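This report concerns only the one structure given below.
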Amino acid sequence: MAVLFGTQEWADTLKKAVETSQAYKEAAKNWEGDLYIIVEPDASYTHRHIVYLDLWHGECREASGIEDEGEKSPKYRIFGPFTNMKQILDKKVDAVQSMMTGKIKVKGDMAQIMKMPRATVELVNCMTSFDTVFPD
Amino acid sequence: MTEVRVKKGEELNGLGAMLKEILDQNIKDPGKYRSVRKLSASVVIKEATSGVAVTLILKGGEIEIQNDAVEKPTAYMEAGFENLAHITSGQLNPIVALLTRKLKSGGNPLLLLKISNIMVLK
């Protein structure tokens with residue numbers, strides 16, 4: 001069953017996917033840092049959604065849907081327009097390719113991402129391991 | 001020099017944005033900057049899977065970064081995202097990467113060696 005993006009249910013589903021992924025645990029065993037996943041409005045979608053994840057040494061300590069971006073001060077922000085983010089979540093495009101072309105952007109300590117590129121890939125694999133739908 | 005300049009009017013692609021952050025950190029180190037200050041060259045860096053490339057232009061002590069590959073660069077290097085990440089984060093020695101074919105390169109190899117001083121976080 002598809003889960004509505006931006007909701008607590010989506011955050012909980014992703015948390016569960018992260019917790020059960022051995023590949024993520026291994027790739028992110030030294031990862032320290034929380035993040036926002038931000039879906040920005042574009043020509044085909046008017047809403048903005050933020051999901052917060054607190055990732056620590058292969059574990060997800062907290063996952064929640066966020067209303068106000070100022071609520072937390074995460075170390076990383078992964079963001080992009082709805083159309084591009086949806087294509088990734090629907091597995092229609094590769095997340096690394098989208099990151100390289102700048103269709104989605106990452107802000108934060110790039111040194112850590114470069115040290116653990118597999119962690120980023122495995123996190124996206126967790127995000128695409130279940131079906132996502134977006135609110136109308 | 002405190003920062004790598006982005007070509008006027010361009011918004012860097014993701015590869016360029018990542019590399020710029022690393023280059024900016026490295027050129028703050030006078031020793032590393034000194035190793036490339038006198039270079040006059042163009043270096044293309046390409047992510048193999050996506051085909052996304054950027055070019056570094058070194059001239060007169062300035063370093064400029066721009067999207068895409070220029071024609072006939074002085075040197076070029078190409079690797080997949082994970083290998084590029086491992087090289088730039090200092091986990092994979094560029095020479096080892098070349099020998100194991102994780103990194104493809106062309107042009108002036110000495111230049112690539114010098115450039116690695118500012119491309120690798122140590």
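Letters A, B, ... mark the chains of the structure tokens in the order given; residue numbers begin at 1 per chain; ligand numbers begin at 1, in order shown.
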Determine, for each residue of chain A having at least one atom at most 12 Å from an atom of chain B, the closest pair of atoms and their separation in Å to one decimal, counting only C-alpha atoms; order by chain and ascending number, as JSON lines.
{"residue": "A:Ala27", "atom": "CA", "partner": "B:Glu82", "partner_atom": "CA", "distance": 11.8}
{"residue": "A:Ile78", "atom": "CA", "partner": "B:Gly14", "partner_atom": "CA", "distance": 11.8}
{"residue": "A:Gly80", "atom": "CA", "partner": "B:Gly14", "partner_atom": "CA", "distance": 11.8}
{"residue": "A:Val93", "atom": "CA", "partner": "B:Ser50", "partner_atom": "CA", "distance": 10.7}
{"residue": "A:Asp94", "atom": "CA", "partner": "B:Ser50", "partner_atom": "CA", "distance": 8.9}
{"residue": "A:Ala95", "atom": "CA", "partner": "B:Ser50", "partner_atom": "CA", "distance": 10.3}
{"residue": "A:Val96", "atom": "CA", "partner": "B:Phe81", "partner_atom": "CA", "distance": 7.4}
{"residue": "A:Gln97", "atom": "CA", "partner": "B:Ser50", "partner_atom": "CA", "distance": 5.1}
{"residue": "A:Ser98", "atom": "CA", "partner": "B:Gly14", "partner_atom": "CA", "distance": 8.1}
{"residue": "A:Met99", "atom": "CA", "partner": "B:Gly14", "partner_atom": "CA", "distance": 5.4}
{"residue": "A:Met100", "atom": "CA", "partner": "B:Gly14", "partner_atom": "CA", "distance": 4.2}
{"residue": "A:Thr101", "atom": "CA", "partner": "B:Asn13", "partner_atom": "CA", "distance": 5.0}
{"residue": "A:Gly102", "atom": "CA", "partner": "B:Gly14", "partner_atom": "CA", "distance": 4.2}
{"residue": "A:Lys103", "atom": "CA", "partner": "B:Gly14", "partner_atom": "CA", "distance": 7.8}
{"residue": "A:Ile104", "atom": "CA", "partner": "B:Gly14", "partner_atom": "CA", "distance": 7.9}
{"residue": "A:Lys105", "atom": "CA", "partner": "B:Gly14", "partner_atom": "CA", "distance": 6.7}
{"residue": "A:Val106", "atom": "CA", "partner": "B:Gly14", "partner_atom": "CA", "distance": 8.2}
{"residue": "A:Lys107", "atom": "CA", "partner": "B:Met18", "partner_atom": "CA", "distance": 9.3}
{"residue": "A:Gly108", "atom": "CA", "partner": "B:Glu21", "partner_atom": "CA", "distance": 10.0}
{"residue": "A:Asp109", "atom": "CA", "partner": "B:Glu21", "partner_atom": "CA", "distance": 9.0}
{"residue": "A:Met110", "atom": "CA", "partner": "B:Met18", "partner_atom": "CA", "distance": 6.6}
{"residue": "A:Ala111", "atom": "CA", "partner": "B:Ser89", "partner_atom": "CA", "distance": 6.4}
{"residue": "A:Gln112", "atom": "CA", "partner": "B:Ser89", "partner_atom": "CA", "distance": 8.1}
{"residue": "A:Ile113", "atom": "CA", "partner": "B:Ala85", "partner_atom": "CA", "distance": 7.9}
{"residue": "A:Met114", "atom": "CA", "partner": "B:Ala85", "partner_atom": "CA", "distance": 4.4}
{"residue": "A:Lys115", "atom": "CA", "partner": "B:Ser89", "partner_atom": "CA", "distance": 5.3}
{"residue": "A:Met116", "atom": "CA", "partner": "B:Ala85", "partner_atom": "CA", "distance": 7.8}
{"residue": "A:Pro117", "atom": "CA", "partner": "B:Glu82", "partner_atom": "CA", "distance": 5.7}
{"residue": "A:Arg118", "atom": "CA", "partner": "B:Glu82", "partner_atom": "CA", "distance": 7.0}
{"residue": "A:Ala119", "atom": "CA", "partner": "B:Glu82", "partner_atom": "CA", "distance": 10.3}
{"residue": "A:Thr120", "atom": "CA", "partner": "B:Glu82", "partner_atom": "CA", "distance": 10.1}
{"residue": "A:Val121", "atom": "CA", "partner": "B:Glu82", "partner_atom": "CA", "distance": 9.4}
Could you save the residues just selected, with N, CA and C atoms, as a compact mmCIF listing (two decimals), in the first residue's frame?
# COMPACT_ATOMS: atom_id res chain seq x y z
N ALA A 27 26.75 0.50 5.30
CA ALA A 27 27.29 1.68 4.59
C ALA A 27 27.36 2.91 5.49
N ILE A 78 18.45 17.71 1.87
CA ILE A 78 18.33 17.17 0.51
C ILE A 78 17.04 17.75 -0.03
N GLY A 80 14.65 19.35 -3.57
CA GLY A 80 14.46 19.46 -5.01
C GLY A 80 13.00 19.68 -5.32
N VAL A 93 14.17 7.71 -12.14
CA VAL A 93 15.52 8.21 -12.39
C VAL A 93 16.43 7.83 -11.22
N ASP A 94 17.69 7.80 -11.50
CA ASP A 94 18.68 7.44 -10.49
C ASP A 94 18.99 8.66 -9.62
N ALA A 95 19.02 8.44 -8.31
CA ALA A 95 19.22 9.55 -7.37
C ALA A 95 20.61 10.18 -7.52
N VAL A 96 21.63 9.33 -7.74
CA VAL A 96 22.99 9.87 -7.89
C VAL A 96 23.07 10.75 -9.14
N GLN A 97 22.45 10.26 -10.21
CA GLN A 97 22.43 11.04 -11.45
C GLN A 97 21.73 12.39 -11.23
N SER A 98 20.62 12.35 -10.49
CA SER A 98 19.90 13.60 -10.20
C SER A 98 20.75 14.54 -9.37
N MET A 99 21.53 13.96 -8.45
CA MET A 99 22.40 14.77 -7.60
C MET A 99 23.53 15.38 -8.44
N MET A 100 24.08 14.58 -9.34
CA MET A 100 25.19 15.06 -10.17
C MET A 100 24.75 16.18 -11.11
N THR A 101 23.55 16.03 -11.66
CA THR A 101 23.07 17.04 -12.61
C THR A 101 22.54 18.27 -11.89
N GLY A 102 22.30 18.15 -10.58
CA GLY A 102 21.78 19.29 -9.82
C GLY A 102 20.26 19.34 -9.81
N LYS A 103 19.62 18.26 -10.28
CA LYS A 103 18.14 18.25 -10.25
C LYS A 103 17.65 18.14 -8.81
N ILE A 104 18.42 17.46 -7.99
CA ILE A 104 18.19 17.56 -6.55
C ILE A 104 19.51 18.05 -5.94
N LYS A 105 19.39 18.76 -4.84
CA LYS A 105 20.58 19.37 -4.26
C LYS A 105 20.80 18.86 -2.84
N VAL A 106 22.04 18.87 -2.46
CA VAL A 106 22.40 18.47 -1.09
C VAL A 106 23.21 19.60 -0.48
N LYS A 107 22.79 20.05 0.68
CA LYS A 107 23.56 21.06 1.41
C LYS A 107 24.01 20.44 2.72
N GLY A 108 25.22 20.71 3.09
CA GLY A 108 25.74 20.20 4.35
C GLY A 108 27.20 19.85 4.24
N ASP A 109 27.68 19.07 5.17
CA ASP A 109 29.09 18.69 5.20
C ASP A 109 29.39 17.68 4.08
N MET A 110 29.86 18.21 2.94
CA MET A 110 30.09 17.33 1.79
C MET A 110 31.21 16.32 2.06
N ALA A 111 32.13 16.70 2.94
CA ALA A 111 33.25 15.79 3.23
C ALA A 111 32.74 14.45 3.74
N GLN A 112 31.73 14.50 4.62
CA GLN A 112 31.20 13.24 5.17
C GLN A 112 30.49 12.43 4.08
N ILE A 113 29.77 13.13 3.22
CA ILE A 113 29.08 12.43 2.12
C ILE A 113 30.11 11.76 1.21
N MET A 114 31.19 12.47 0.95
CA MET A 114 32.23 11.91 0.08
C MET A 114 32.93 10.72 0.75
N LYS A 115 32.97 10.74 2.07
CA LYS A 115 33.60 9.61 2.78
C LYS A 115 32.69 8.38 2.75
N MET A 116 31.36 8.63 2.73
CA MET A 116 30.43 7.50 2.77
C MET A 116 29.38 7.61 1.66
N PRO A 117 29.81 7.61 0.40
CA PRO A 117 28.84 7.77 -0.68
C PRO A 117 27.80 6.67 -0.71
N ARG A 118 28.20 5.48 -0.28
CA ARG A 118 27.27 4.34 -0.29
C ARG A 118 26.10 4.57 0.68
N ALA A 119 26.37 5.31 1.76
CA ALA A 119 25.31 5.58 2.74
C ALA A 119 24.17 6.37 2.08
N THR A 120 24.56 7.33 1.23
CA THR A 120 23.55 8.13 0.53
C THR A 120 22.74 7.25 -0.41
N VAL A 121 23.45 6.39 -1.13
CA VAL A 121 22.79 5.50 -2.10
C VAL A 121 21.82 4.56 -1.36
* List every residue of region 15-102 of chain B that DSSP, applied to the backbone, labels as helix (DSSP H, G or I), and write the result as a ChimeraX atom specification. => /B:15-27,30-37,81-88,94-99
For this session: Please identify which residues in chain B DSSP calls strand (DSSP E) from the backbone, and express them as a PyMOL selection string.
Result: chain B and resi 5-6+41-47+53-59+62-67+75-79+104-107
May I have the selected residues written with N, CA and C atoms, as a CSV table (one decimal), in the first residue's frame?
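This went into part18.csv:
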chain,number,residue,atom,x,y,z
B,5,ARG,N,36.3,30.4,-8.2
B,5,ARG,CA,35.3,31.2,-8.9
B,5,ARG,C,34.4,30.3,-9.8
B,6,VAL,N,33.2,30.6,-9.8
B,6,VAL,CA,32.2,29.9,-10.7
B,6,VAL,C,32.1,30.8,-12.0
B,41,ALA,N,46.2,25.7,-17.0
B,41,ALA,CA,45.7,24.5,-17.5
B,41,ALA,C,44.2,24.4,-17.4
B,42,SER,N,43.6,23.4,-18.2
B,42,SER,CA,42.2,23.1,-18.0
B,42,SER,C,42.1,21.6,-17.7
B,43,VAL,N,41.3,21.3,-16.7
B,43,VAL,CA,41.1,19.9,-16.3
B,43,VAL,C,39.6,19.6,-16.3
B,44,VAL,N,39.3,18.5,-17.0
B,44,VAL,CA,37.9,18.1,-17.0
B,44,VAL,C,37.7,16.9,-16.0
B,45,ILE,N,36.7,17.0,-15.2
B,45,ILE,CA,36.4,15.9,-14.3
B,45,ILE,C,35.0,15.5,-14.6
B,46,LYS,N,34.9,14.1,-14.9
B,46,LYS,CA,33.6,13.6,-15.3
B,46,LYS,C,33.1,12.5,-14.4
B,47,GLU,N,31.8,12.5,-14.1
B,47,GLU,CA,31.2,11.4,-13.4
B,47,GLU,C,30.7,10.4,-14.4
B,53,ALA,N,29.9,16.5,-16.3
B,53,ALA,CA,31.3,16.9,-16.2
B,53,ALA,C,31.4,18.4,-15.8
B,54,VAL,N,32.5,18.7,-15.3
B,54,VAL,CA,32.9,20.1,-15.0
B,54,VAL,C,34.3,20.3,-15.5
B,55,THR,N,34.7,21.5,-15.7
B,55,THR,CA,36.0,21.9,-16.1
B,55,THR,C,36.6,22.9,-15.1
B,56,LEU,N,37.8,22.6,-14.7
B,56,LEU,CA,38.6,23.6,-13.8
B,56,LEU,C,39.5,24.3,-14.8
B,57,ILE,N,39.5,25.6,-14.7
B,57,ILE,CA,40.4,26.4,-15.5
B,57,ILE,C,41.4,27.1,-14.5
B,58,LEU,N,42.7,26.8,-14.6
B,58,LEU,CA,43.7,27.4,-13.8
B,58,LEU,C,44.5,28.4,-14.6
B,59,LYS,N,44.5,29.6,-14.1
B,59,LYS,CA,45.2,30.6,-14.9
B,59,LYS,C,45.6,31.8,-14.0
B,62,GLU,N,44.4,32.0,-10.4
B,62,GLU,CA,43.0,31.9,-10.2
B,62,GLU,C,42.5,30.5,-10.6
B,63,ILE,N,41.5,30.1,-9.9
B,63,ILE,CA,40.8,28.8,-10.3
B,63,ILE,C,39.4,29.1,-10.6
B,64,GLU,N,39.0,28.7,-11.8
B,64,GLU,CA,37.5,28.9,-12.1
B,64,GLU,C,36.9,27.5,-12.4
B,65,ILE,N,35.7,27.3,-12.0
B,65,ILE,CA,35.0,26.1,-12.3
B,65,ILE,C,33.8,26.4,-13.2
B,66,GLN,N,33.6,25.5,-14.1
B,66,GLN,CA,32.4,25.7,-15.0
B,66,GLN,C,31.8,24.3,-15.4
B,67,ASN,N,30.5,24.4,-15.7
B,67,ASN,CA,29.8,23.2,-16.1
B,67,ASN,C,30.3,22.6,-17.4
B,75,ALA,N,44.1,18.1,-19.3
B,75,ALA,CA,44.0,16.7,-18.7
B,75,ALA,C,42.5,16.4,-18.4
B,76,TYR,N,42.2,15.2,-18.3
B,76,TYR,CA,40.9,14.8,-17.9
B,76,TYR,C,40.9,13.6,-17.0
B,77,MET,N,39.9,13.5,-16.1
B,77,MET,CA,39.7,12.3,-15.3
B,77,MET,C,38.3,11.9,-15.3
B,78,GLU,N,38.0,10.6,-15.1
B,78,GLU,CA,36.6,10.2,-15.2
B,78,GLU,C,36.5,9.0,-14.2
B,79,ALA,N,35.5,9.0,-13.4
B,79,ALA,CA,35.2,7.9,-12.5
B,79,ALA,C,33.7,7.9,-12.1
B,104,LYS,N,39.7,6.7,-14.8
B,104,LYS,CA,40.3,6.8,-16.2
B,104,LYS,C,40.8,8.2,-16.3
B,105,SER,N,41.9,8.4,-17.0
B,105,SER,CA,42.5,9.7,-17.2
B,105,SER,C,43.1,9.9,-18.6
B,106,GLY,N,43.4,11.1,-18.9
B,106,GLY,CA,44.0,11.4,-20.2
B,106,GLY,C,44.7,12.7,-20.1
B,107,GLY,N,45.6,13.0,-21.0
B,107,GLY,CA,46.3,14.3,-21.0
B,107,GLY,C,47.5,14.2,-20.1
| Skipping near chain neighbours, those fewer than 6 positions away, what residues fall within 12 Å of Arg34 (chain B) using only C-alpha atoms, listed as a list in words? | Met1, Asn26, Ile27, Lys28, Gly61, Glu62, Lys114, Ile115, Asn117 and Ile118 of chain B
For Trp10 (chain A), please output as a PyMOL selection string all residues within 12 Å (counting only C-alpha atoms; exclusion window: fewer than 4 positions along the same chain). chain A and resi 1-6+14-17+37+49-53+63-66+126-135
Let me make sure I understand: among A:Val18, A:Leu89, A:Ile38, A:Ala23, which one has the smallest atom-to-atom distance to Cys60 (chain A) if we use only C-alpha atoms?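 That would be A:Val18, the residue with the smallest distance to Cys60 (chain A).
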